[in-house]
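Asks: Sharing a structure, written as structure tokens. Questions coming.
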Amino acid sequence: MGNAGNRLRRATRATADASQRGARSVAHAGRKIGQGSRSLGRATRRLTHAQGAGRTGLGRLIELTSTHSAGDALVTVALAGALFFKLPVGQARGQVALYLLVTMIPFTVVAPFVGPVLDRYRSGRRYVMAGTLFARGLLCWGMAAAIRPSDALTLFPAALAVLVLSKAYNVSRAAIMPSVLPADITLVAANARVALFALVAAGAAAGVSTGLTAWLGADWVLRATTALFLAAGVAAVRLPRHVDSPDLEADLAPDAPDAPDAADTPGSPDGPYAPDGPAGADRGPGEHGQGGPQGRARPRLLRRELIQFGPVVGESMWANTAIRVQGGFLVFFLLFLVQDGKIPGLAPHITLGLLAVAAGGGGLLGAVVASWTRSRSPRVIVLGTLALATVATVVTAVFFTLWTAVLVALVAAFAQGLGKLALDAIVQREIAEDVRSSTFGITEALLQIAWVFGGLVGLVMSLSAHGPAGLAVVSAALAATFVWLLIRRRGRLAAVARQVPEPGGTPPAEPDGEAATADRAGDGQGDGATIPQDGETPQGPVWTPHQDPDVTPVIPREPLRPRRDDTKPLTNPY
């Protein structure tokens, strides 16, 4: 009996020692993981806050957008099984078609309503962004309760609302980019930095969500996403105060002693920051942006005519629209070709994995390349991406194999990512701040509708057409769009060149046919720019010809009277 007691005590002591060693090992591993997480966080903070981004608020915006993208990825993966993967191919086509039609509704809402609302309350953009994040968190909690009983009446409206709020956040984020832009970073590079971190965060979140969905279920993933969105909403409120655009109507009242003239006010019809370029620069004959004669009836006519972007933004929009149509087509056309076994070579799930990796890598590569294009014009970048997408699609249509399909998926994602970043930079530079959110709402709507249209075409053509035939149709459409844009751009630049004389010549004629001078015939009448004669000292603004029609000149203006301490340290004034 005593021996048994001794053995029991030794076994208990050994168990206790093993438990202590295990606890110490777990604690040590936890400390190592914590140290690694802190090191990763510090490295990420150094990257996001580099080149003055930490002082202007761009670093915080990058981190917030990365959290936003991670939350969207969690929601997408959690809901993906209910939409496609658990259904046979024939039924999946119907579900996907319904999904595509449903996704068109948010973007018909974003353009006419969300954009003008964001413009109206641009002095509280932090709270608008926080509101979109808080609302998505609550909607995710509601979808978590409805996903197990497959309550479609709850899931579809909630998913629709999440999509609308996600686009509203993207519109607000794109509109405030010039407010947080450091002086030594271009708009294309800043947009690329935001997109790069957002893609990395979304990819990591998608992998984590896939594992958690298989382990815990989609409902628990959505509940965790609720907490993520709520934390992101708190971070949005804590963005720098200069993110909120000052209320010009309150700050620059008519009785304000230092109110600038209308010509100096951003977004005014005659000001240097009129939409689509200063003073109608780079417009073809007969075309006016919102700063021209069509933009004088403000604000209702301005809102009504926002669809008329002007040639600079319009050409970029057409190019991105064609790329989006190709992207939507390829996603569903190649997807159902793989499901039907019309792309031989590998097992269907391996082929789908290759296509997904190619698409993700292409988007990431587009963001990386955009961060390197410091001296390239965004308009040239947009046309280059369209040309690259056209060539890749033509090659795949002629030599259709598994690997050319992977190549065209990679190039399409690259062109879509890089072209969208360049388009954002063009809109941020050319469009006045008071209508920038509305313009971004319209561009997001048009691009998403183009993607949905391409997806529906690919869905229909996958029923009967083989790979080369379907890709030949898309190739022809892309080539026609590219040639049309080249012809239109060349004609516009030629028209601008005819209107600009050689250096030393006479300036362009005014509407009444006379030269633009300050004192015509020496009578002191007129208020235009003067052209100094030989040996004469200029007495006022001097007219100089616009040398390069591809570059919009930047005209500095006097800073507005600051509101309290809402200053913008190290921000680019242009």
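Following the order of the structure tokens, first chain is A, next is B, and so on, with residues numbered from 1 inside each chain and ligands from 1 in the order they appear.
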What lies within 8 Å of Ser209 of chain A using only C-alpha atoms, ignoring chain neighbours under 2 positions off, as a ChimeraX atom specification?

Replies: /A:73-74,77-78,205-207,211-213,221

Asks: Distance atom CA of Gln416 of chain A-atom CA of Thr44 of chain A, one decimal place?

Replies: 25.8 Å
